[in-house]
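Heads up, data_11.cif below (mmCIF, C-alpha atoms):
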data_my_file
loop_
_atom_site.group_PDB
_atom_site.id
_atom_site.type_symbol
_atom_site.label_atom_id
_atom_site.label_comp_id
_atom_site.auth_asym_id
_atom_site.auth_seq_id
_atom_site.Cartn_x
_atom_site.Cartn_y
_atom_site.Cartn_z
ATOM 1 C CA MET A 1 -0.757 -30.464 -108.710
ATOM 2 C CA PRO A 2 -1.568 -26.996 -107.289
ATOM 3 C CA GLY A 3 -1.538 -24.188 -109.812
ATOM 4 C CA GLY A 4 -1.128 -26.663 -112.673
ATOM 5 C CA VAL A 5 2.545 -27.222 -111.847
ATOM 6 C CA ARG A 6 3.589 -30.717 -112.893
ATOM 7 C CA LEU A 7 6.447 -32.666 -111.394
ATOM 8 C CA ALA A 8 7.951 -33.219 -114.839
ATOM 9 C CA ALA A 9 9.013 -29.578 -114.945
ATOM 10 C CA HIS A 10 11.207 -30.165 -111.898
ATOM 11 C CA LEU A 11 12.820 -33.463 -112.899
ATOM 12 C CA GLU A 12 16.324 -32.182 -113.587
ATOM 13 C CA PHE A 13 16.370 -30.121 -110.398
ATOM 14 C CA VAL A 14 15.134 -33.019 -108.251
ATOM 15 C CA GLN A 15 17.619 -35.459 -109.795
ATOM 16 C CA GLN A 16 20.465 -33.152 -108.775
ATOM 17 C CA LEU A 17 19.387 -33.050 -105.138
ATOM 18 C CA PRO A 18 21.272 -35.336 -102.739
ATOM 19 C CA LEU A 19 18.178 -37.330 -101.769
ATOM 20 C CA PRO A 20 18.156 -40.757 -100.129
ATOM 21 C CA ALA A 21 17.303 -43.662 -102.427
ATOM 22 C CA ALA A 22 13.834 -44.096 -100.858
ATOM 23 C CA ALA A 23 12.938 -40.459 -101.587
ATOM 24 C CA GLN A 24 14.150 -40.801 -105.169
ATOM 25 C CA GLN A 25 11.997 -43.916 -105.556
ATOM 26 C CA GLN A 26 8.965 -42.051 -104.254
ATOM 27 C CA ILE A 27 9.569 -39.172 -106.649
ATOM 28 C CA ARG A 28 9.962 -41.552 -109.619
ATOM 29 C CA ALA A 29 6.757 -43.335 -108.627
ATOM 30 C CA LEU A 30 4.856 -40.081 -108.314
ATOM 31 C CA ARG A 31 6.180 -38.965 -111.714
ATOM 32 C CA LEU A 32 5.119 -42.235 -113.336
ATOM 33 C CA VAL A 33 1.612 -41.885 -111.928
ATOM 34 C CA ASP A 34 1.392 -38.176 -112.745
ATOM 35 C CA ASP A 35 2.857 -38.316 -116.257
ATOM 36 C CA LEU A 36 2.072 -41.748 -117.690
ATOM 37 C CA ALA A 37 -1.019 -43.153 -115.942
ATOM 38 C CA ASP A 38 -3.445 -41.859 -118.575
ATOM 39 C CA ASP A 39 -1.490 -43.471 -121.419
ATOM 40 C CA ILE A 40 -1.103 -46.793 -119.619
ATOM 41 C CA SER A 41 -4.770 -46.895 -118.568
ATOM 42 C CA THR A 42 -5.947 -46.064 -122.091
ATOM 43 C CA ALA A 43 -3.670 -48.723 -123.599
ATOM 44 C CA HIS A 44 -4.906 -51.303 -121.100
ATOM 45 C CA GLU A 45 -8.543 -50.464 -121.907
ATOM 46 C CA GLU A 46 -7.814 -50.846 -125.635
ATOM 47 C CA THR A 47 -6.130 -54.214 -125.024
ATOM 48 C CA VAL A 48 -9.147 -55.414 -123.034
ATOM 49 C CA ARG A 49 -11.471 -54.188 -125.800
ATOM 50 C CA LEU A 50 -9.494 -56.046 -128.482
ATOM 51 C CA ASN A 51 -9.444 -59.235 -126.408
ATOM 52 C CA GLN A 52 -13.205 -59.054 -125.763
ATOM 53 C CA ALA A 53 -13.884 -58.455 -129.441
ATOM 54 C CA ALA A 54 -11.682 -61.394 -130.433
ATOM 55 C CA LEU A 55 -13.411 -63.726 -128.003
ATOM 56 C CA THR A 56 -16.968 -62.752 -128.927
ATOM 57 C CA GLN A 57 -17.164 -61.794 -132.590
ATOM 58 C CA PRO A 58 -18.610 -64.376 -134.957
ATOM 59 C CA SER A 59 -17.182 -65.470 -138.289
ATOM 60 C CA THR A 60 -18.496 -63.167 -140.999
ATOM 61 C CA PRO A 61 -17.607 -62.517 -144.626
ATOM 62 C CA GLU A 62 -16.648 -58.949 -143.671
ATOM 63 C CA GLY A 63 -14.270 -60.219 -140.977
ATOM 64 C CA ARG A 64 -12.692 -62.683 -143.405
ATOM 65 C CA LYS A 65 -12.228 -59.952 -146.013
ATOM 66 C CA SER A 66 -10.694 -57.537 -143.477
ATOM 67 C CA LEU A 67 -8.366 -60.293 -142.242
ATOM 68 C CA ARG A 68 -7.306 -61.152 -145.790
ATOM 69 C CA THR A 69 -6.623 -57.464 -146.536
ATOM 70 C CA CYS A 70 -4.565 -57.058 -143.356
ATOM 71 C CA LEU A 71 -2.487 -60.193 -143.888
ATOM 72 C CA THR A 72 -1.966 -59.498 -147.591
ATOM 73 C CA ALA A 73 -0.758 -55.962 -146.815
ATOM 74 C CA HIS A 74 1.795 -57.359 -144.382
ATOM 75 C CA LEU A 75 2.960 -60.093 -146.740
ATOM 76 C CA VAL A 76 3.163 -57.971 -149.909
ATOM 77 C CA THR A 77 5.133 -55.194 -148.205
ATOM 78 C CA ARG A 78 7.213 -57.749 -146.258
ATOM 79 C CA ARG A 79 6.249 -56.194 -142.944
ATOM 80 C CA PRO A 80 6.540 -58.563 -139.986
ATOM 81 C CA LEU A 81 3.262 -60.060 -138.827
ATOM 82 C CA PRO A 82 1.972 -59.079 -135.372
ATOM 83 C CA SER A 83 3.395 -61.528 -132.869
ATOM 84 C CA THR A 84 3.471 -62.358 -129.200
ATOM 85 C CA ARG A 85 5.206 -64.856 -126.926
ATOM 86 C CA GLN A 86 3.318 -68.008 -125.949
ATOM 87 C CA ASN A 87 4.914 -70.744 -123.870
ATOM 88 C CA GLY A 88 8.336 -69.223 -124.519
ATOM 89 C CA LYS A 89 7.928 -69.222 -128.295
ATOM 90 C CA THR A 90 7.093 -66.549 -130.840
ATOM 91 C CA ALA A 91 3.541 -66.927 -132.122
ATOM 92 C CA LEU A 92 1.062 -65.052 -134.263
ATOM 93 C CA ALA A 93 -0.874 -62.553 -132.115
ATOM 94 C CA ARG A 94 -4.216 -64.139 -132.956
ATOM 95 C CA GLN A 95 -6.378 -62.233 -130.476
ATOM 96 C CA TYR A 96 -4.801 -58.934 -131.464
ATOM 97 C CA ILE A 97 -5.331 -59.633 -135.184
ATOM 98 C CA ALA A 98 -8.905 -60.791 -134.611
ATOM 99 C CA GLY A 99 -9.679 -57.726 -132.508
ATOM 100 C CA VAL A 100 -8.154 -55.310 -135.018
ATOM 101 C CA THR A 101 -9.658 -56.849 -138.160
ATOM 102 C CA GLY A 102 -13.065 -57.917 -136.874
ATOM 103 C CA ALA A 103 -12.389 -61.531 -137.878
ATOM 104 C CA SER A 104 -13.216 -64.400 -135.563
ATOM 105 C CA LEU A 105 -10.487 -66.379 -133.822
ATOM 106 C CA LYS A 106 -11.460 -69.356 -135.991
ATOM 107 C CA GLN A 107 -10.923 -67.301 -139.154
ATOM 108 C CA VAL A 108 -7.496 -66.188 -137.882
ATOM 109 C CA ALA A 109 -6.574 -69.790 -137.031
ATOM 110 C CA LEU A 110 -7.606 -70.980 -140.494
ATOM 111 C CA ALA A 111 -5.608 -68.214 -142.186
ATOM 112 C CA TYR A 112 -2.620 -69.112 -140.017
ATOM 113 C CA ARG A 113 -2.850 -72.749 -141.109
ATOM 114 C CA ASP A 114 -3.743 -72.180 -144.763
ATOM 115 C CA ARG A 115 -1.091 -69.519 -145.388
ATOM 116 C CA GLY A 116 1.624 -71.234 -143.355
ATOM 117 C CA LEU A 117 2.230 -68.146 -141.225
ATOM 118 C CA GLY A 118 4.027 -69.947 -138.389
ATOM 119 C CA ALA A 119 7.448 -69.921 -140.022
ATOM 120 C CA LEU A 120 7.086 -66.288 -141.095
ATOM 121 C CA VAL A 121 6.206 -65.160 -137.578
ATOM 122 C CA ALA A 122 8.998 -67.186 -135.995
ATOM 123 C CA ALA A 123 11.579 -65.806 -138.442
ATOM 124 C CA ASP A 124 10.487 -62.169 -138.265
ATOM 125 C CA PRO A 125 8.177 -61.288 -135.345
ATOM 126 C CA GLY A 126 6.346 -58.006 -135.632
ATOM 127 C CA PRO A 127 4.826 -55.446 -133.296
ATOM 128 C CA CYS A 128 1.194 -55.133 -132.257
ATOM 129 C CA PRO A 129 0.701 -51.366 -132.100
ATOM 130 C CA LEU A 130 -2.401 -50.132 -130.345
ATOM 131 C CA ASP A 131 -4.509 -47.362 -131.800
ATOM 132 C CA VAL A 132 -3.695 -45.193 -128.780
ATOM 133 C CA THR A 133 -1.900 -41.874 -128.811
ATOM 134 C CA ALA A 134 0.808 -41.625 -126.154
ATOM 135 C CA THR A 135 0.617 -38.123 -124.677
ATOM 136 C CA GLY A 136 2.870 -38.522 -121.620
ATOM 137 C CA ARG A 137 6.260 -36.877 -121.606
ATOM 138 C CA ILE A 138 9.555 -37.532 -119.864
ATOM 139 C CA ALA A 139 12.041 -34.678 -119.676
ATOM 140 C CA GLY A 140 9.902 -32.752 -122.163
ATOM 141 C CA ARG A 141 9.891 -35.483 -124.828
ATOM 142 C CA PRO A 142 7.237 -38.096 -125.609
ATOM 143 C CA TRP A 143 7.953 -41.249 -123.612
ATOM 144 C CA ARG A 144 6.820 -43.524 -126.461
ATOM 145 C CA SER A 145 5.985 -43.257 -130.113
ATOM 146 C CA ARG A 146 3.464 -46.083 -129.640
ATOM 147 C CA ILE A 147 2.280 -48.588 -127.061
ATOM 148 C CA ASP A 148 2.252 -52.257 -127.979
ATOM 149 C CA TYR A 149 -0.541 -54.729 -127.211
ATOM 150 C CA THR A 150 1.987 -57.192 -125.805
ATOM 151 C CA GLU A 151 3.343 -54.819 -123.150
ATOM 152 C CA THR A 152 0.202 -53.389 -121.574
ATOM 153 C CA SER A 153 0.075 -55.973 -118.760
ATOM 154 C CA GLU A 154 3.640 -55.183 -117.715
ATOM 155 C CA LEU A 155 3.071 -51.437 -117.941
ATOM 156 C CA LEU A 156 -0.073 -51.798 -115.833
ATOM 157 C CA ARG A 157 1.886 -53.762 -113.193
ATOM 158 C CA HIS A 158 4.462 -50.956 -113.058
ATOM 159 C CA LEU A 159 1.694 -48.379 -112.716
ATOM 160 C CA ILE A 160 -0.007 -50.306 -109.908
ATOM 161 C CA THR A 161 3.325 -50.628 -108.094
ATOM 162 C CA ALA A 162 3.945 -46.890 -108.496
ATOM 163 C CA VAL A 163 0.465 -46.095 -107.166
ATOM 164 C CA PHE A 164 1.141 -48.307 -104.139
ATOM 165 C CA ILE A 165 4.448 -46.527 -103.474
ATOM 166 C CA VAL A 166 2.768 -43.125 -103.747
ATOM 167 C CA CYS A 167 -0.117 -44.157 -101.460
ATOM 168 C CA ALA A 168 2.260 -45.677 -98.917
ATOM 169 C CA TYR A 169 4.345 -42.502 -98.976
ATOM 170 C CA LEU A 170 1.336 -40.214 -98.605
ATOM 171 C CA ALA A 171 -0.086 -42.417 -95.826
ATOM 172 C CA GLY A 172 3.118 -41.997 -93.871
ATOM 173 C CA ALA A 173 4.683 -45.445 -94.301
ATOM 174 C CA ARG A 174 8.444 -45.273 -93.969
ATOM 175 C CA THR A 175 11.049 -47.896 -94.750
ATOM 176 C CA GLN A 176 13.138 -47.042 -91.696
ATOM 177 C CA GLY A 177 10.367 -47.149 -89.054
ATOM 178 C CA SER A 178 10.422 -45.003 -85.969
ATOM 179 C CA ALA A 179 13.464 -44.329 -83.819
ATOM 180 C CA ARG A 180 11.496 -45.501 -80.788
ATOM 181 C CA ASP A 181 10.839 -49.084 -81.927
ATOM 182 C CA GLY A 182 13.881 -49.535 -84.173
ATOM 183 C CA LEU A 183 11.824 -51.557 -86.678
ATOM 184 C CA GLY A 184 11.229 -50.751 -90.318
ATOM 185 C CA LEU A 185 7.604 -50.577 -91.354
ATOM 186 C CA LEU A 186 8.175 -51.753 -94.921
ATOM 187 C CA SER A 187 11.404 -53.674 -94.531
#
As structure tokens, how would this structure be written, given the file I've shared?
Amino acid sequence: MPGGVRLAAHLEFVQQLPLPAAAQQQIRALRLVDDLADDISTAHEETVRLNQAALTQPSTPEGRKSLRTCLTAHLVTRRPLPSTRQNGKTALARQYIAGVTGASLKQVALAYRDRGLGALVAADPGPCPLDVTATGRIAGRPWRSRIDYTETSELLRHLITAVFIVCAYLAGARTQGSARDGLGLLS
């Protein structure tokens, strides 16, 4: 923004204006892109990195040891194990755990089977926090304390939608169309 002025500084003022719903949507989209895009992009990149690591790293003694340390820490302190949803059911976040620990997917699968982790995960699903610092702010406060591995796809979809809305707005697309043709361009 010109002069370093960010839209976030004007949020309360803009929300009090009697703007049509379409204008409010455009402002919210622009704010999302302006304030949160860096966090969402960084979280998505970290998720992709973890997935690539999980799919390509071989089984090694170091990976097995790191996996054992991670799982033991969770079990001893009774912290929920990292989980995700698969086919409508809660499941161990195998790719996340493999990516974080450096273990192979086979080593994670064996630990899952040998330690009987399925029931623990189903009874008490845990988060999959990314090693990403959220710097975006909403109304002067951090928008998140952390970003979770399981939500980066949804956040990225929201960001892409917001970018589309901003581009359509800046390109001149209007929901109501022109008075001459009586047709809406986006409706």
>> Can you pull out the residues contacting Val100 (chain A)? Cut-off 12 Å, using only C-alpha atoms, and skip same-chain residues under 6 positions away; I want them as a VMD selection string.
In response: chain A and resid 46 to 47 49 to 54 57 63 66 to 67 69 to 71 82 93 to 94 108 128 to 131 149
> For Ala122 (chain A), which residue out of A:Ser83, A:Thr150, A:Thr101, A:Gln107 is the nearest one, using all atoms listed in the file?
Replying inline: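 Of A:Ser83, A:Thr150, A:Thr101, A:Gln107, the one nearest Ala122 (chain A), counting all atoms listed in the file, is A:Ser83.
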> Hey, can you check how far CA of Leu105 (chain A) sits from CA of Thr42 (chain A)?
Replying inline: 23.9 Å
Kindly list the centre and edge lengths in Å, rounded to one decimal, for the axis-aligned box that covers all listed atoms of region 142-147 of chain A plus 6 Å on each of its six sides, as AutoDock Vina command-line options.
--center_x 5.1 --center_y -43.3 --center_z -126.9 --size_x 17.7 --size_y 22.5 --size_z 18.5
> What is the distance, in Å and to one decimal place, between CA of Tyr96 (chain A) and CA of Trp143 (chain A)?
Replying inline: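 About the pair CA of Tyr96 (chain A) and CA of Trp143 (chain A): they are 23.2 Å apart.
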> So, counting only C-alpha atoms, which residue among A:His158, A:Leu117, A:Leu30, A:Arg85 is closest to Leu170 (chain A)?
Replying inline: A:Leu30
>> I'd like the contact shell of Arg115 (chain A) - 12 Å cut-off, only C-alpha atoms, skipping same-chain residues fewer than 5 positions apart - returned as a list in words.
In response: Arg68, Leu71, Thr72, Leu75, Gln107, Val108, Ala109, Leu110, Leu120 and Val121 of chain A
>> Calculated over only C-alpha atoms, which of the candidates A:Gly136, A:Arg64, A:Ala73, A:Ser153 has the smallest distance to Ala111 (chain A)?
In response: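 Of the candidates, the smallest distance to Ala111 (chain A) is held by A:Arg64.
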> If you measure from CA of Gly126 (chain A) to CA of Arg79 (chain A), what distance in Å do you get, rounded to one decimal?
Replying inline: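 Atom-to-atom, CA of Gly126 (chain A) and CA of Arg79 (chain A) are spaced 7.5 Å apart.
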